[in-house]
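Here is the structure we will look at.
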Amino acid sequence: MRVSVSWLREYVDLPDDLPTGDLEQALVDLGIEVESVVDLRESVTGQLVVGEVREIEELTGFKKPIRFCRVDVGAANGTGEPQEIVCGARNFAPGDRVVVILPGGVLPGGFAIGARKTYGHNSAGMICSAKELGLGDDHSGIIVLGPDVTAKPGDDARPVVGLDDVVFDLEITPDRGYALSLRGLARELSHAFEVPLRDPALAPAPAGTETPAYPVEVRDTVGCDRFTARLVRGVDPTAPTPSWMAQRLVTAGIRSISLPVDITNYVMLELGQPMHAFDADRIAGPLVVRRAEAGEKLTTLDGVKRVLTADDMVICDDTGPISLAAVMGGETSEVVTGATTTVLFEAAHWDPAMVGRTARRHKLFSEAAKRWERGVDPAVALVALERAVGLLTEHGGGTAGAEILDIDHVRPRTPISLPADLPTRRVGVEYPPARVVALLERVGCTVAQGADRLSEDPGAAGVASGVGVVLSVTPPTWRPDLTDPADLVEEVVRLDGYDKVPSVLPTAPAGRGLTPRQRRRRAVADSLAERGYVAVLAHPFVSPELADQLGLPADDRRRPAVRLANPLSEEEPLLRTTLLGPLLGVLKRNLGRGLRDLALSEIGAVFHPRVGAGSPPAMGVDRRPTDEEFAAADAVVPAQPVHVAVVLSGDLDPAGWWGPGRPAGWADAIEAARDVLAAAGIPDERVEVRAAEYAPWHPGRCAELRVDGSVVGHAGELHPVVVAALELPRRTSAMEVNLDALPPTPVTSAPTVSGFPPALIDVALVVDDSVPAEQVRRALEAGAGELLEDVRLFDVYSGAQLGEGRRSLAYKLTFRAPDRTLTVEEAVAARDAAVAVAAERVGATLRGA
């Protein structure tokens, strides 16, 4: 939110000599983040003057419209003659007064202005837009001064456009909606500097009348618990927005549109009450405030035709929805510049949760919706209505109707019981009860003595310290965030000063370093990085259609997903049950950006709901939950095992002048899984790789990985259907392993390193092609005995000479003795023993024998 200091001073008596830095520090101390401070007095240097357009010559023959203007700048240019300026804007005419920067001036961003020849004419200076002056983002046209501006050509334009001010850009946290208004900020600063506040919400406003200003029916008093409205007839449709109001709106980052609309935005900034202006002559019949019917359509003011859901609130007339309540109005009832003469102002109070969901569903994050979802004061509606009507009749003429509609179903605030010593106990700083009461009353709370007060004298120690004293605190209507004793404690600490809370760090107990789980996770991450996998962090949110895209069968919705109550996106409301869905999305995004050879990895949690676990117990913030409550809550929390996954696409080994590249395949995914298990400390002899069928992998190119007989993951090539559904390259491969399913890392002894030479023997065994190579390798290991140091598969062959359904597996056997050089006879004997066991277990025969 952008706010000018001069506007703030209208509501709070800030010291005249207050340095900008002190004001910034005060806002920070109050918990309001200051994004930036712009001293507009220093943003433009040189001559910035008011000019009056005398002549305009339209230049033709160029790609865009260009105008050659002669502008009267008085004596500012030293000659008194009109200044010649080339300009591309179209929103001004002869006789208009504009803002001109003369040669030698410098605009924000260091943009220097000079005299030069352009489009065949001399141009000395620039006619400025709001964006060029740093006053806002509107660059659609230059600033045209209103008739209420009394400045003459040649006068300094800085006071006219607000460049004699200081603007703060503030980031308001979601729980501080009241600070999204000048009223709220002024109240906060009055606390900080202990100066008087002139609350604009205390202005007198007439109450609702028996006869409504317009017939309205509110059918959902939960979604809309207050609705006020008032008519203004006979408005001058051509009346311009006064320059001071347009200037403040531009400074706040809001574009000036028309007088009635600008008034609603101005009141929203001033009081924090979003409003809407209807053209009453374009409304057909009574208004109805209700939930939308699923499938209803509404074209909003931004020109987008929107399909509504049953959770949206709408304002309807006889033709159907004419406004998406609290978010954006509709085209059919909008105020039309130059045509609207009867304005119906509406100021209502809407359910924040409903507004937040509607804004996210339709991706309409308007200024009004931003305030509604953070909480708006329901008591200020009639004041805002009176303020808007007064501004419109003053600057646009017309007559305000005597009838005022006020449908009020707002519930009174519930008092909060607060032990007077709770702030002291929670924070560790002494807050006497009188100080606690004074600070809460400064916020606007009504504080009364509770029924649990100890019957002690006023000067007794118990009362003085607050022990046993309970306060009954009723928060003000503009603070919907105050709902619990902890919220009140936070207000006491904040207003008393965070700087008074000592920063004392607890003494860290002696530790043992990383836990085994942490060490395993880091070892796996390091291993994958060393092998060229790029670690990514994907969003854990997925769409309901993901199971179909991954080709999971109906019974494999074995992993029902956790649905979020308030998802960031309605398209992805579920938590992932596998890393592959989001990880493949990252792969697809990078492919779309032109990358082709990708090897990505991720380590993260997946989420498996506990079916039938019920709902967690309600736990407040007034006390520490009991062990039983913790256990009951933990029993509902989804299981969150940590998985590791990789995806591969394109070439694993790049191509170059040295030759063609090697494409990644299913074997590389399986090797990545083996690397993960090795890095996790699982000995190779406890790992078994078997052929398997498991979605979303190709049934003929999928392996399951077992540790001690238990399945811990799968790897291989993705199913062609999945690849097509996700628009991925052919042969895309992947691996996923459940790290939490792995047994603890065993204690291993250091290997004995022999200094004697090895004996290398190759064997080629013919087996049925249904026999996994892993089983053959294990059989060779079992038969070779203690002399076998290593066995490695280096060739696979199949052909007609071997027979149908047969293949040849060639292994390199490495034999070595720890205490001597092996003889040929010993190595051959060990090899024969290995082949014999392989023949016995898997039916292998020595190729060529």
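Chain labels A, B, ... are given in the sequence in which chains occur in the structure tokens; within each chain residues are numbered consecutively from 1, and ligands are likewise numbered from 1 in the order shown.
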* Using only C-alpha atoms, determine which residues lie at most 6 Å from segment 761-774 of chain A, disregarding the query and same-chain residues fewer than 4 positions distant; provide the list as a count of residues only. => 13
* To do: For segment 71-87 of chain A, work out the shell of residues within 6 Å, counting only C-alpha atoms and skipping chain neighbours fewer than 2 positions away, then give it as a PyMOL selection string.
  => chain A and resi 51-54+67-69+89+123-124+153-154
May I have the selected residues written with C-alpha atoms, as a compact mmCIF listing (two decimals), in the first residue's frame?
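Result file part.txt:
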# COMPACT_ATOMS: atom_id res chain seq x y z
CA GLY A 51 2.12 24.59 -19.08
CA GLU A 52 -0.93 25.47 -21.16
CA VAL A 53 -1.28 23.84 -24.58
CA ARG A 54 -1.74 26.54 -27.25
CA ARG A 67 1.77 15.50 -32.15
CA PHE A 68 3.81 18.68 -32.41
CA CYS A 69 2.70 21.00 -29.60
CA ALA A 89 -0.10 11.13 -25.99
CA SER A 123 11.49 19.32 -29.26
CA ALA A 124 12.63 21.11 -26.10
CA PRO A 153 1.65 28.69 -16.86
CA GLY A 154 5.23 28.85 -15.62
* Asked: So, counting only C-alpha atoms, which residue among A:Pro696, A:Gly21, A:Pro423, A:Pro237 is closest to Gly551 of chain A?
  ->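 With only C-alpha atoms as the atom set, the closest residue is A:Pro696.
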* Long-range neighbours of Ala715 of chain A as a PyMOL selection string, 7 Å cut-off, only C-alpha atoms, 5 positions minimum in chain -> chain A and resi 669-670+673+702-704+734-736
* Asked: What's the 8 Å shell around Leu648 of chain A, counting only C-alpha atoms, without same-chain residues fewer than 3 positions away, as a list in words?
  ->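 So, after excluding close chain neighbours, the residues are Asp597, Leu598, Ala599, Leu600, Leu652, Ala664, Gly665, Ala669, Thr732, Ser733 and Ala734 of chain A.
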Got time to write the residues from that selection, C-alpha atoms, as a PDB file, in the first residue's frame?
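See result_35.pdb below for the written result:
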ATOM      1  CA  ASP A 597      19.419 -33.586 -21.967  1.00  0.00           C
ATOM      2  CA  LEU A 598      18.097 -33.622 -18.407  1.00  0.00           C
ATOM      3  CA  ALA A 599      18.867 -35.595 -15.271  1.00  0.00           C
ATOM      4  CA  LEU A 600      16.857 -34.284 -12.323  1.00  0.00           C
ATOM      5  CA  LEU A 652      23.206 -39.084 -20.488  1.00  0.00           C
ATOM      6  CA  ALA A 664      19.640 -42.360 -21.044  1.00  0.00           C
ATOM      7  CA  GLY A 665      17.534 -45.462 -20.574  1.00  0.00           C
ATOM      8  CA  ALA A 669      17.431 -45.367 -13.768  1.00  0.00           C
ATOM      9  CA  THR A 732      11.969 -41.083 -20.512  1.00  0.00           C
ATOM     10  CA  SER A 733      13.064 -43.046 -17.450  1.00  0.00           C
ATOM     11  CA  ALA A 734      12.599 -42.598 -13.727  1.00  0.00           C
TER      12      ALA A 734
END
Would you write out, as CSV, a table of all residues in segment 280-357 of chain A that have an atom no more than 9 Å from an atom of segment 385-406 of chain A, listing for each the closest atom pair and the distance in Å to one decimal, considering only C-alpha atoms and ordering rows by chain and rising residue number?
residue,atom,partner,partner_atom,distance
A:Thr341,CA,A:Gly398,CA,8.1
A:Thr342,CA,A:Gly398,CA,8.4
A:Phe345,CA,A:Leu385,CA,6.9
A:Glu346,CA,A:Leu385,CA,7.3
A:Ala347,CA,A:Leu385,CA,6.4
* Asked: Which residues in segment 415-560 of chain A does DSSP call helix (DSSP H, G or I)? List them as number ranges by chain.
  -> A: 422-427, 433-443, 461-465, 485-496, 498-500, 516-530, 546-549, 554-556
* Asked: What's the 12 Å shell around Ala633 of chain A, counting only C-alpha atoms, without same-chain residues fewer than 4 positions away, as a list in words?
  ->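 Near Ala633 of chain A, the qualifying residues are Arg610, Ala613, Gly614, Ser615, Pro616, Pro617, Ala618, Met619, Pro625, Thr626, Asp627, Glu628, Glu629, Val637 and Pro638 of chain A.
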* Structure fact -> Judged by only C-alpha atoms, the minimum distance to Gly234 of chain A among A:Val288, A:Leu308, A:Leu344, A:Ala207 is found for A:Leu344
* Members of segment 459-584 of chain A assigned strand (DSSP E or B) by DSSP, as a list in words ->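 Selection result, strand (DSSP E or B) within segment 459-584 of chain A: Val470, Leu471, Ser472, Val473, Thr474, Val534, Ala535, Phe541, Val542, Arg563, Leu574 and Leu575 of chain A.
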* To do: Kindly indicate which residue among A:Ser129, A:Thr300, A:Thr446, A:Thr515 lies nearest to Phe92 of chain A, using only C-alpha atoms for the distances.
  =>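 Closest residue, counting only C-alpha atoms: A:Ser129.
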* To do: Return the single residue from A:Ala645, A:Glu727, A:Pro260, A:Leu575 that is closest to Gln549 of chain A, with distances computed using only C-alpha atoms.
  => A:Glu727
* Close residues, Glu35 of chain A itself excluded, 12 Å, only C-alpha atoms, min 5 positions apart in chain, as an MDAnalysis selection string -> chainID A and resid 1:3 24 27:28 167:172
